[in-house]
$ cat coords.txt   # compact mmCIF, C-alpha atoms and all ligand atoms
# COMPACT_ATOMS: atom_id res chain seq x y z
CA MET A 1 40.22 0.23 46.95
CA ARG A 2 41.94 -1.25 49.99
CA TYR A 3 38.95 -3.43 50.46
CA HIS A 4 39.42 -4.79 46.96
CA LEU A 5 43.07 -5.43 47.54
CA ARG A 6 42.34 -7.37 50.70
CA PHE A 7 39.71 -9.33 48.84
CA VAL A 8 42.30 -10.31 46.26
CA PHE A 9 44.70 -11.37 48.99
CA ILE A 10 42.06 -13.55 50.58
CA ILE A 11 41.47 -15.24 47.27
CA LEU A 12 45.18 -15.56 46.77
CA ILE A 13 45.73 -17.20 50.14
CA TRP A 14 42.85 -19.48 49.41
CA LEU A 15 44.31 -20.37 46.04
CA ILE A 16 47.71 -21.06 47.53
CA ALA A 17 46.15 -23.25 50.19
CA THR A 18 44.44 -25.19 47.43
CA PRO A 19 46.63 -27.84 45.86
CA VAL A 20 47.07 -26.38 42.41
CA ALA A 21 49.98 -27.18 40.16
CA ALA A 22 52.66 -24.54 40.48
CA ILE A 23 53.64 -22.67 37.38
CA ASN A 24 57.31 -21.98 37.02
CA LEU A 25 59.23 -19.66 34.79
CA VAL A 26 61.64 -21.04 32.23
CA ARG A 27 64.68 -18.87 32.89
CA ASP A 28 67.02 -19.61 30.00
CA ALA A 29 69.49 -16.93 28.93
CA ASP A 30 69.46 -18.02 25.29
CA ILE A 31 65.68 -18.16 24.91
CA GLU A 32 65.18 -14.86 26.72
CA HIS A 33 67.80 -13.23 24.53
CA ALA A 34 66.04 -14.52 21.42
CA LEU A 35 62.73 -13.09 22.70
CA THR A 36 64.41 -9.75 23.37
CA GLU A 37 65.62 -9.69 19.77
CA LEU A 38 62.16 -10.58 18.47
CA SER A 39 60.35 -8.01 20.60
CA ARG A 40 62.73 -5.08 20.14
CA PRO A 41 61.23 -3.67 16.88
CA ILE A 42 57.71 -3.98 18.32
CA LEU A 43 58.47 -2.29 21.62
CA ILE A 44 60.20 0.56 19.81
CA ALA A 45 57.17 0.94 17.50
CA ALA A 46 54.98 1.02 20.63
CA GLY A 47 57.06 3.82 22.11
CA LEU A 48 58.23 1.55 24.92
CA SER A 49 61.82 0.98 25.96
CA PRO A 50 63.16 -2.51 25.13
CA ALA A 51 65.60 -2.16 28.02
CA GLN A 52 62.72 -1.65 30.49
CA ILE A 53 60.49 -4.53 29.46
CA LYS A 54 61.37 -8.14 30.03
CA ILE A 55 59.72 -11.02 28.18
CA LEU A 56 59.47 -14.00 30.54
CA VAL A 57 58.51 -17.55 29.65
CA LEU A 58 56.02 -19.52 31.72
CA ASP A 59 56.64 -23.22 31.89
CA SER A 60 53.19 -24.25 30.71
CA SER A 61 51.82 -26.17 27.77
CA ALA A 62 48.58 -24.16 28.01
CA LEU A 63 48.37 -21.24 25.60
CA ASN A 64 48.68 -17.98 27.46
CA ALA A 65 50.16 -14.50 27.49
CA PHE A 66 49.55 -11.64 29.90
CA VAL A 67 50.95 -8.56 31.57
CA VAL A 68 50.88 -7.79 35.30
CA ASP A 69 52.68 -4.46 35.31
CA HIS A 70 54.66 -2.17 33.02
CA ARG A 71 57.85 -4.14 33.10
CA HIS A 72 57.01 -7.74 32.24
CA ILE A 73 55.30 -9.58 29.42
CA PHE A 74 54.63 -13.25 30.11
CA VAL A 75 54.24 -15.79 27.32
CA SER A 76 53.72 -19.50 27.92
CA SER A 77 56.16 -22.00 26.43
CA GLY A 78 53.11 -23.69 24.88
CA LEU A 79 52.21 -20.57 22.93
CA ILE A 80 55.80 -20.03 21.83
CA LEU A 81 55.97 -23.60 20.52
CA ARG A 82 52.67 -23.17 18.69
CA SER A 83 53.97 -20.14 16.77
CA LYS A 84 54.93 -21.38 13.33
CA ARG A 85 56.68 -18.17 12.33
CA PRO A 86 58.13 -15.07 13.98
CA SER A 87 55.19 -12.84 13.08
CA MET A 88 52.82 -15.04 15.12
CA LEU A 89 54.90 -14.74 18.28
CA GLN A 90 55.59 -11.06 17.59
CA SER A 91 51.86 -10.40 17.28
CA VAL A 92 51.30 -11.84 20.76
CA ILE A 93 54.03 -9.60 22.16
CA ALA A 94 52.61 -6.62 20.23
CA HIS A 95 49.15 -7.19 21.75
CA GLU A 96 50.56 -7.35 25.30
CA ALA A 97 52.76 -4.31 24.64
CA ALA A 98 49.59 -2.48 23.59
CA HIS A 99 47.95 -3.27 26.95
CA ILE A 100 50.97 -1.64 28.60
CA ALA A 101 51.21 1.34 26.23
CA ASN A 102 47.45 2.02 26.39
CA GLY A 103 47.44 2.08 30.18
CA HIS A 104 45.16 -0.95 30.57
CA VAL A 105 47.40 -2.30 33.33
CA THR A 106 47.64 0.87 35.37
CA ARG A 107 43.92 1.22 35.82
CA ARG A 108 43.58 -2.24 37.19
CA SER A 109 46.57 -2.87 39.37
CA GLN A 110 47.43 0.57 40.68
CA ASN A 111 47.52 -0.87 44.16
CA MET A 112 50.22 -3.30 43.18
CA ALA A 113 52.37 -0.47 41.79
CA SER A 114 54.77 -2.54 39.78
CA ALA A 115 56.28 -5.90 40.55
CA ARG A 116 59.54 -4.32 41.52
CA ASN A 117 60.31 -6.51 44.50
CA ALA A 118 60.15 -10.23 45.09
CA ALA A 119 56.93 -10.11 47.10
CA ALA A 120 54.98 -7.95 44.64
CA PHE A 121 56.18 -10.06 41.74
CA GLY A 122 55.24 -13.26 43.57
CA ILE A 123 51.73 -12.03 44.33
CA ALA A 124 51.07 -10.95 40.77
CA LEU A 125 52.35 -14.22 39.40
CA GLY A 126 50.59 -16.19 42.11
CA ILE A 127 47.23 -14.93 40.98
CA MET A 128 48.01 -15.94 37.45
CA THR A 129 49.36 -19.24 38.68
CA GLY A 130 45.95 -20.18 39.98
CA ALA A 131 44.52 -19.18 36.65
CA LEU A 132 47.07 -21.10 34.69
CA SER A 133 47.06 -24.47 36.30
CA GLY A 134 45.74 -27.07 33.93
CA ASP A 135 44.45 -29.26 36.74
CA TYR A 136 42.65 -26.80 38.94
CA ALA A 137 39.51 -26.79 36.87
CA ALA A 138 39.27 -30.52 37.30
CA GLY A 139 39.44 -29.94 41.06
CA GLY A 140 36.06 -28.28 41.06
CA THR A 141 34.25 -25.30 39.69
CA VAL A 142 34.76 -23.39 42.92
CA ALA A 143 38.47 -23.03 42.27
CA LEU A 144 37.71 -21.89 38.77
CA GLY A 145 35.29 -19.28 40.05
CA ALA A 146 37.70 -17.94 42.63
CA SER A 147 40.55 -17.53 40.23
CA ASN A 148 38.26 -15.95 37.70
CA SER A 149 37.33 -13.31 40.28
CA ALA A 150 40.97 -12.65 41.07
CA GLN A 151 41.75 -12.37 37.41
CA ARG A 152 38.84 -10.07 36.75
CA LEU A 153 39.99 -7.69 39.45
CA PHE A 154 43.52 -7.65 38.19
CA LEU A 155 44.18 -8.79 34.75
CA SER A 156 41.24 -9.62 32.62
CA HIS A 157 40.65 -7.07 29.89
CA THR A 158 37.33 -5.80 28.59
CA ARG A 159 36.26 -6.40 25.03
CA ALA A 160 36.76 -2.71 24.30
CA GLU A 161 40.31 -2.94 25.60
CA GLU A 162 40.91 -6.04 23.51
CA SER A 163 39.84 -4.28 20.30
CA ALA A 164 41.97 -1.26 21.18
CA ALA A 165 44.97 -3.51 21.90
CA ASP A 166 44.48 -5.33 18.59
CA ARG A 167 44.35 -2.09 16.63
CA ALA A 168 47.44 -0.74 18.38
CA ALA A 169 49.29 -4.05 17.92
CA LEU A 170 48.55 -4.05 14.20
CA SER A 171 49.90 -0.53 13.86
CA TYR A 172 53.10 -1.48 15.72
CA MET A 173 53.55 -4.49 13.46
CA THR A 174 53.02 -2.43 10.32
CA ARG A 175 55.42 0.24 11.55
CA ALA A 176 58.03 -2.42 12.38
CA GLY A 177 57.63 -4.08 8.97
CA ILE A 178 56.15 -7.30 10.39
CA ASP A 179 53.44 -9.16 8.48
CA PRO A 180 50.12 -8.59 10.33
CA ARG A 181 48.83 -11.96 9.11
CA GLY A 182 50.72 -13.44 12.06
CA MET A 183 48.06 -11.96 14.32
CA SER A 184 45.10 -13.42 12.51
CA GLU A 185 46.84 -16.81 12.54
CA VAL A 186 47.15 -16.61 16.33
CA LEU A 187 43.52 -15.53 16.76
CA ASP A 188 42.45 -18.44 14.57
CA ILE A 189 43.90 -20.80 17.17
CA PHE A 190 41.63 -19.30 19.82
CA VAL A 191 38.44 -18.61 17.92
CA GLY A 192 37.58 -22.29 17.91
CA GLN A 193 37.62 -22.23 21.71
CA GLU A 194 34.93 -19.58 22.02
CA ASN A 195 32.14 -22.07 22.46
CA LEU A 196 34.02 -24.40 24.79
CA SER A 197 33.29 -24.45 28.51
CA ALA A 198 35.65 -22.28 30.56
CA ALA A 199 37.44 -25.33 31.90
CA ARG A 200 38.42 -26.48 28.44
CA GLN A 201 39.51 -23.12 27.08
CA ASP A 202 43.12 -22.03 27.15
CA PRO A 203 43.72 -19.42 29.86
CA TYR A 204 44.45 -16.80 27.19
CA THR A 205 40.80 -16.70 26.25
CA ARG A 206 39.85 -15.89 29.85
CA THR A 207 42.22 -12.94 30.29
CA HIS A 208 41.66 -11.71 26.74
CA PRO A 209 37.99 -12.06 25.84
CA LEU A 210 37.76 -13.16 22.25
CA SER A 211 35.06 -12.63 19.79
CA ARG A 212 34.62 -13.53 16.19
CA ASP A 213 34.27 -9.79 15.52
CA ARG A 214 37.72 -9.23 16.87
CA SER A 215 39.18 -11.94 14.70
CA ARG A 216 37.27 -10.68 11.65
CA ALA A 217 38.56 -7.13 12.15
CA VAL A 218 42.15 -8.30 12.43
CA THR A 219 41.87 -10.61 9.42
CA ALA A 220 40.29 -7.89 7.29
CA PHE A 221 43.12 -5.53 8.16
CA ALA A 222 45.81 -8.14 7.52
CA GLN A 223 44.39 -9.14 4.16
CA ALA A 224 44.37 -5.54 2.98
CA GLN A 225 48.12 -5.30 3.60
CA GLU A 226 50.92 -6.37 1.31
CA THR A 227 52.56 -9.63 2.25
CA ARG A 228 55.83 -8.98 3.97
CA GLN A 229 58.79 -11.31 4.05
CA ALA A 230 60.04 -12.05 7.54
CA ASP A 231 63.27 -10.34 8.44
CA PRO A 232 66.13 -12.93 8.38
CA LYS A 233 67.14 -11.88 11.89
CA ALA A 234 63.61 -12.52 13.17
CA LEU A 235 63.55 -15.91 11.43
CA TYR A 236 66.84 -16.80 13.07
CA TRP A 237 65.88 -15.83 16.63
CA HIS A 238 62.45 -17.42 16.34
CA ALA A 239 64.05 -20.67 15.17
CA ARG A 240 66.51 -20.49 18.01
CA ALA A 241 63.94 -19.87 20.77
CA THR A 242 61.47 -22.48 19.54
CA GLY A 243 64.28 -24.90 18.64
CA LYS A 244 65.82 -24.81 22.08
CA LEU A 245 62.49 -25.02 23.91
CA ALA A 246 61.49 -28.03 21.80
CA ALA A 247 64.86 -29.74 22.32
CA PHE A 248 64.44 -29.44 26.09
CA THR A 249 60.78 -30.47 26.21
CA ARG A 250 60.28 -33.08 23.49
CA LYS A 251 61.78 -36.55 23.25
CA PRO A 252 65.53 -36.43 22.47
CA SER A 253 65.09 -39.12 19.82
CA GLN A 254 62.64 -36.84 18.01
CA THR A 255 65.12 -33.96 18.03
CA LEU A 256 67.95 -36.16 16.79
CA LYS A 257 65.86 -37.40 13.87
CA ALA A 258 65.25 -33.84 12.62
CA LYS A 259 67.03 -32.87 9.43
CA GLN A 260 69.52 -30.02 9.37
CA SER A 261 67.63 -26.79 9.96
CA VAL A 262 67.23 -24.68 6.86
CA THR A 263 67.46 -21.53 8.93
CA SER A 264 70.83 -22.05 10.47
CA ALA A 265 73.33 -24.87 10.99
CA ASP A 266 74.37 -23.65 14.45
CA ILE A 267 70.82 -24.04 15.75
CA HIS A 268 70.79 -27.61 14.43
CA HIS A 269 73.98 -28.40 16.37
CA MET A 270 72.69 -26.68 19.50
CA ARG A 271 69.51 -28.77 19.40
CA ARG A 272 71.47 -31.98 18.94
CA ALA A 273 73.71 -31.04 21.89
CA VAL A 274 70.68 -30.64 24.16
CA ALA A 275 69.16 -33.94 23.02
CA LEU A 276 72.44 -35.89 23.35
CA SER A 277 73.06 -34.51 26.81
CA ARG A 278 69.57 -35.59 27.84
CA GLN A 279 70.50 -39.08 26.66
CA GLY A 280 73.57 -38.95 28.93
CA LYS A 281 76.02 -38.58 26.03
CA LEU A 282 78.07 -35.62 27.22
CA ASP A 283 81.08 -36.04 24.93
CA GLU A 284 78.94 -36.19 21.81
CA ALA A 285 76.95 -33.21 23.06
CA LEU A 286 80.12 -31.17 23.59
CA LEU A 287 81.23 -32.02 20.06
CA GLU A 288 77.96 -30.60 18.70
CA ILE A 289 78.35 -27.43 20.77
CA SER A 290 81.87 -26.92 19.49
CA LYS A 291 80.46 -27.05 15.93
CA ALA A 292 77.90 -24.39 16.85
CA GLU A 293 80.61 -22.32 18.53
CA LYS A 294 82.76 -22.45 15.41
CA LEU A 295 79.91 -20.85 13.45
CA ARG A 296 79.30 -18.17 16.11
CA PRO A 297 82.52 -17.78 18.11
CA LYS A 298 81.37 -14.72 20.07
CA ASP A 299 78.02 -16.21 21.08
CA ALA A 300 77.80 -16.11 24.89
CA TYR A 301 74.72 -18.34 24.88
CA TYR A 302 76.48 -21.33 23.32
CA LYS A 303 79.20 -21.03 25.99
CA ASP A 304 76.37 -20.82 28.55
CA LEU A 305 74.83 -24.01 27.17
CA LYS A 306 78.16 -25.82 27.26
CA ALA A 307 78.62 -24.75 30.90
CA GLU A 308 75.10 -25.84 31.79
CA LEU A 309 75.53 -29.28 30.25
CA LEU A 310 78.87 -29.73 32.06
CA MET A 311 77.07 -28.82 35.31
CA ARG A 312 74.34 -31.35 34.65
CA HIS A 313 77.04 -33.99 34.21
CA LYS A 314 78.80 -32.87 37.41
CA ARG A 315 81.94 -31.55 35.71
CA PHE A 316 82.01 -28.52 38.01
CA GLY A 317 85.51 -27.17 37.32
CA ALA A 318 85.08 -27.31 33.54
CA SER A 319 81.63 -25.79 33.90
CA ALA A 320 82.94 -22.83 35.92
CA LYS A 321 85.56 -22.22 33.22
CA ALA A 322 82.98 -22.23 30.44
CA TYR A 323 80.69 -19.93 32.45
CA ALA A 324 83.59 -17.52 33.02
CA GLN A 325 83.97 -17.22 29.22
CA ALA A 326 80.24 -16.69 28.81
CA VAL A 327 80.21 -13.97 31.49
CA GLN A 328 83.05 -12.23 29.72
CA LEU A 329 81.04 -12.17 26.49
CA ALA A 330 77.79 -11.05 28.14
CA PRO A 331 78.63 -9.28 31.42
CA GLN A 332 75.15 -7.74 31.67
CA ASN A 333 73.41 -11.09 31.58
CA ALA A 334 72.21 -11.99 35.08
CA LEU A 335 71.19 -15.57 34.23
CA ILE A 336 74.63 -16.44 32.89
CA ARG A 337 76.29 -14.85 35.91
CA ALA A 338 73.97 -16.81 38.23
CA GLY A 339 75.01 -20.01 36.43
CA TYR A 340 78.63 -19.07 36.97
CA GLY A 341 77.98 -18.59 40.69
CA ARG A 342 76.26 -21.95 40.86
CA ALA A 343 79.22 -23.70 39.21
CA LEU A 344 81.68 -21.94 41.55
CA LEU A 345 79.63 -23.04 44.54
CA ALA A 346 79.57 -26.64 43.32
CA ASN A 347 83.31 -26.41 42.73
CA LYS A 348 83.78 -25.26 46.37
CA GLN A 349 85.07 -21.79 45.42
CA ASP A 350 82.84 -20.38 48.12
CA ALA A 351 83.97 -16.75 48.46
CA ARG A 352 84.00 -16.23 44.71
CA ALA A 353 80.61 -17.93 44.42
CA LEU A 354 79.11 -15.54 46.98
CA SER A 355 80.36 -12.37 45.28
CA THR A 356 79.26 -13.66 41.87
CA LEU A 357 75.78 -14.62 43.08
CA LYS A 358 75.36 -11.30 44.89
CA LYS A 359 76.11 -9.49 41.68
CA ALA A 360 73.70 -11.73 39.74
CA ARG A 361 70.95 -10.91 42.25
CA SER A 362 71.59 -7.20 41.92
CA GLN A 363 71.12 -7.60 38.15
CA ASP A 364 67.92 -9.68 38.36
CA PHE A 365 66.09 -10.94 41.47
CA ARG A 366 63.50 -13.02 39.59
CA ASN A 367 65.49 -16.26 39.61
CA LEU A 368 64.57 -18.97 42.12
CA ARG A 369 67.62 -21.13 41.54
CA MET A 370 69.97 -18.18 42.01
CA LEU A 371 68.24 -17.26 45.28
CA ARG A 372 68.58 -20.82 46.54
CA ASP A 373 72.30 -20.88 45.64
CA LEU A 374 72.83 -17.46 47.17
CA ALA A 375 71.30 -18.59 50.47
CA VAL A 376 73.69 -21.55 50.52
CA ALA A 377 76.64 -19.28 49.71
CA TYR A 378 75.70 -16.87 52.53
CA ALA A 379 75.25 -19.71 55.00
CA LYS A 380 78.66 -21.16 54.07
CA GLN A 381 80.22 -17.81 54.98
CA GLY A 382 78.33 -17.76 58.30
CA GLN A 383 76.03 -14.92 57.16
CA ASN A 384 72.83 -16.53 58.40
CA ALA A 385 70.70 -13.39 58.52
CA MET A 386 71.42 -12.76 54.85
CA ALA A 387 70.68 -16.42 54.09
CA SER A 388 67.28 -15.93 55.78
CA LEU A 389 66.65 -12.76 53.78
CA VAL A 390 67.21 -14.31 50.35
CA THR A 391 65.27 -17.39 51.41
CA ALA A 392 62.37 -15.07 52.32
CA GLU A 393 62.65 -13.44 48.90
CA ARG A 394 62.66 -16.82 47.19
CA TYR A 395 59.48 -17.93 48.98
CA ALA A 396 57.86 -14.56 48.25
CA LEU A 397 58.61 -15.02 44.56
CA GLN A 398 56.91 -18.39 44.68
CA GLY A 399 53.88 -16.93 46.44
CA LYS A 400 54.61 -19.01 49.59
CA ILE A 401 53.50 -16.28 51.93
CA LYS A 402 53.78 -18.05 55.29
CA ASP A 403 57.32 -19.27 54.70
CA ALA A 404 58.36 -15.93 53.21
CA LYS A 405 57.15 -14.02 56.28
CA LEU A 406 58.78 -16.45 58.70
CA HIS A 407 62.20 -16.03 57.09
CA ALA A 408 61.77 -12.28 56.55
CA LYS A 409 60.95 -11.85 60.26
CA ARG A 410 64.02 -13.86 61.21
CA ALA A 411 66.20 -11.73 58.88
CA SER A 412 64.67 -8.48 60.09
CA ASP A 413 65.36 -9.38 63.75
CA ARG A 414 69.02 -10.10 63.07
CA LEU A 415 69.97 -7.43 60.53
CA PRO A 416 71.02 -3.91 61.63
CA THR A 417 67.87 -1.78 61.77
CA GLY A 418 67.67 0.66 58.89
CA SER A 419 70.35 -1.08 56.78
CA PRO A 420 69.55 -1.77 53.10
CA SER A 421 69.26 -5.52 53.79
CA TRP A 422 66.92 -4.88 56.73
CA GLN A 423 64.84 -2.71 54.40
CA ARG A 424 64.56 -5.61 51.95
CA ALA A 425 63.23 -7.82 54.74
CA GLN A 426 60.73 -5.08 55.59
CA ASP A 427 59.67 -4.92 51.94
CA VAL A 428 58.74 -8.59 52.06
CA LEU A 429 56.83 -8.14 55.34
CA ASP A 430 55.06 -4.95 54.18
CA THR A 431 54.10 -6.18 50.73
CA LEU A 432 52.69 -9.54 51.72
CA PRO A 433 49.20 -9.71 53.23
CA LYS A 434 48.88 -9.70 57.02
ZN ZN A 501 44.45 -8.71 25.51
$ encode --input "coords.txt" --output "structure tokens" --more "lines below"
Ligand SMILES: [Zn+2]
Amino acid sequence: MRYHLRFVFIILIWLIATPVAAINLVRDADIEHALTELSRPILIAAGLSPAQIKILVLDSSALNAFVVDHRHIFVSSGLILRSKRPSMLQSVIAHEAAHIANGHVTRRSQNMASARNAAAFGIALGIMTGALSGDYAAGGTVALGASNSAQRLFLSHTRAEESAADRAALSYMTRAGIDPRGMSEVLDIFVGQENLSAARQDPYTRTHPLSRDRSRAVTAFAQAQETRQADPKALYWHARATGKLAAFTRKPSQTLKAKQSVTSADIHHMRRAVALSRQGKLDEALLEISKAEKLRPKDAYYKDLKAELLMRHKRFGASAKAYAQAVQLAPQNALIRAGYGRALLANKQDARALSTLKKARSQDFRNLRMLRDLAVAYAKQGQNAMASLVTAERYALQGKIKDAKLHAKRASDRLPTGSPSWQRAQDVLDTLPK
């Protein structure tokens, strides 16, 4: 087994050395909250704990979804945007949840344990990063072959596992009252790709082998069921997640042309705020947010958006104030707290920024921007060893092994041996390949 692990590392190093486009995560508190709401009934039906499993968004227009351990489900922004209704997106989550619940992950990545620290998370994601890059296939078939091997060792499922995951996903959907037709609609998107060359297929079809049989089985099941109306809550959160993603990724003029959303007026105002801010019109954007806030006064995520837009327009003091309100409404949300720390740092409230960012890190380490801010905050307080440690963790998350080890070594040499921070530096050094 160790031999296999080393083999994967060699491939990984090779992949990282190859100029492939990096895949980033879209860490947005609002979108992640919406995905939590959408996935909750499915995870409960699967016997999994919604508090234990995080749905994370990959910044990629390619269609993809995968699991690397028991705690994370990754879905690409491209696939989220392609989902026309909640049941489509929920079916993708249900299928991934089934891979977790059925133990398909454990068998494959036992050596990785779970991605509980920055280095393990970075390695798991790094392998998928090679697989996800849209350009790497154009770079030559060798790269494609290498990443396929890495995937096969880790993440690619067998056809038997795919059928089992489909069956389980359909039962979760039925139990949760979600229309199973959503699943056959998603499979329809991929079935057409079956005959394409590997380079032209979406990465989803490589990690989840598709067959027409699979699609036929799902469609037959779905058609035998009664049509179910989507739950209004699911409609709302789906519209909010897709609406915000689209407002940030598509042309602002396109967003501004859209008619008032039938689902909810607040989402319409939120989308306009994003588009107007991207056009440099902060005052008009703030006016739209205040309209959304009036409709949902206790919504932490609209306060978070206001704070973020103020940050983008360099209104640091006002941003920190808006973030403080958002933190008060959602104290458990690490992304919002990290934003607050960032605004405090920009507003030169250094000590407060450091304590806020430290708390944000303790709530969620998987945030590159927070780790960068935290390193700055530590350095400003003269805590250089700690700055090195979080810098090491940031590089590890990105799969930049050489840089991560350099900084982890530096931190380890300066921190008191045996202290919790020293142990974190050791974790980076021990987890990453020699
Ligand atoms: Zn699958």
$ residues_near_ligand --input "coords.txt" --ligand "ligand ZN 501 (chain A)" --cutoff "10 Å" --atoms "only C-alpha atoms and all ligand atoms" --output "PyMOL selection string"
chain A and resi 65-67+92+94-99+104+155-166+204-210
$ atom_distance --input "coords.txt" --atom1 "CA of Gly192 in chain A" --atom2 "CA of Ser215 in chain A"
11.0 Å
$ atom_distance --input "coords.txt" --atom1 "CA of Arg278 in chain A" --atom2 "CA of Phe248 in chain A"
8.2 Å
$ atom_distance --input "coords.txt" --atom1 "CA of Arg250 in chain A" --atom2 "CA of Ser60 in chain A"
13.4 Å
$ residues_around --input "coords.txt" --residues "Thr227 in chain A" --least-positions-apart "4" --cutoff "10 Å" --atoms "all atoms listed in the file" --output "short mmCIF file (atom, residue, chain, number, x, y, z; two decimals) with C-alpha atoms, in the coordinates of the input"
data_model
loop_
_atom_site.label_atom_id
_atom_site.label_comp_id
_atom_site.auth_asym_id
_atom_site.auth_seq_id
_atom_site.Cartn_x
_atom_site.Cartn_y
_atom_site.Cartn_z
CA ILE A 178 56.15 -7.30 10.39
CA ASP A 179 53.44 -9.16 8.48
CA PRO A 180 50.12 -8.59 10.33
CA ARG A 181 48.83 -11.96 9.11
CA ALA A 222 45.81 -8.14 7.52
CA GLN A 223 44.39 -9.14 4.16
#
$ closest_residue --input "coords.txt" --among "A:Asp202, A:Glu37, A:Asp413, A:Glu185" --to "Ala425 in chain A" --atoms "all atoms listed in the file"
A:Asp413
$ closest_residue --input "coords.txt" --among "A:Lys233, A:Arg271, A:Arg40, A:Lys402" --to "Lys251 in chain A" --atoms "all atoms listed in the file"
A:Arg271
$ residues_near_point --input "coords.txt" --point "(71.7, -11.4, 37.8)" --cutoff "8 Å" --atoms "all atoms listed in the file" --output "list in words"
Gln332, Asn333, Ala334, Leu335, Ile336, Arg337, Ala338, Leu357, Lys358, Lys359, Ala360, Arg361, Ser362, Gln363, Asp364 and Phe365 of chain A
$ residues_around --input "coords.txt" --residues "Thr255 in chain A" --least-positions-apart "2" --cutoff "10 Å" --atoms "only C-alpha atoms" --output "list in words"
Gly243, Ala246, Ala247, Phe248, Thr249, Arg250, Lys251, Pro252, Ser253, Lys257, Ala258, Lys259, His268, Arg271, Arg272, Ala273, Val274, Ala275 and Leu276 of chain A
$ write_last_selection --input "coords.txt" --atoms "C-alpha atoms" --output "compact mmCIF listing (two decimals), in the coordinates of the input"
# COMPACT_ATOMS: atom_id res chain seq x y z
CA GLY A 243 64.28 -24.90 18.64
CA ALA A 246 61.49 -28.03 21.80
CA ALA A 247 64.86 -29.74 22.32
CA PHE A 248 64.44 -29.44 26.09
CA THR A 249 60.78 -30.47 26.21
CA ARG A 250 60.28 -33.08 23.49
CA LYS A 251 61.78 -36.55 23.25
CA PRO A 252 65.53 -36.43 22.47
CA SER A 253 65.09 -39.12 19.82
CA LYS A 257 65.86 -37.40 13.87
CA ALA A 258 65.25 -33.84 12.62
CA LYS A 259 67.03 -32.87 9.43
CA HIS A 268 70.79 -27.61 14.43
CA ARG A 271 69.51 -28.77 19.40
CA ARG A 272 71.47 -31.98 18.94
CA ALA A 273 73.71 -31.04 21.89
CA VAL A 274 70.68 -30.64 24.16
CA ALA A 275 69.16 -33.94 23.02
CA LEU A 276 72.44 -35.89 23.35
$ residues_around --input "coords.txt" --residues "Leu406 in chain A" --least-positions-apart "3" --cutoff "12 Å" --atoms "all atoms listed in the file" --output "ChimeraX atom specification"
/A:388-389,391-393,395-396,400-403,409-413,425-426,428-429,432
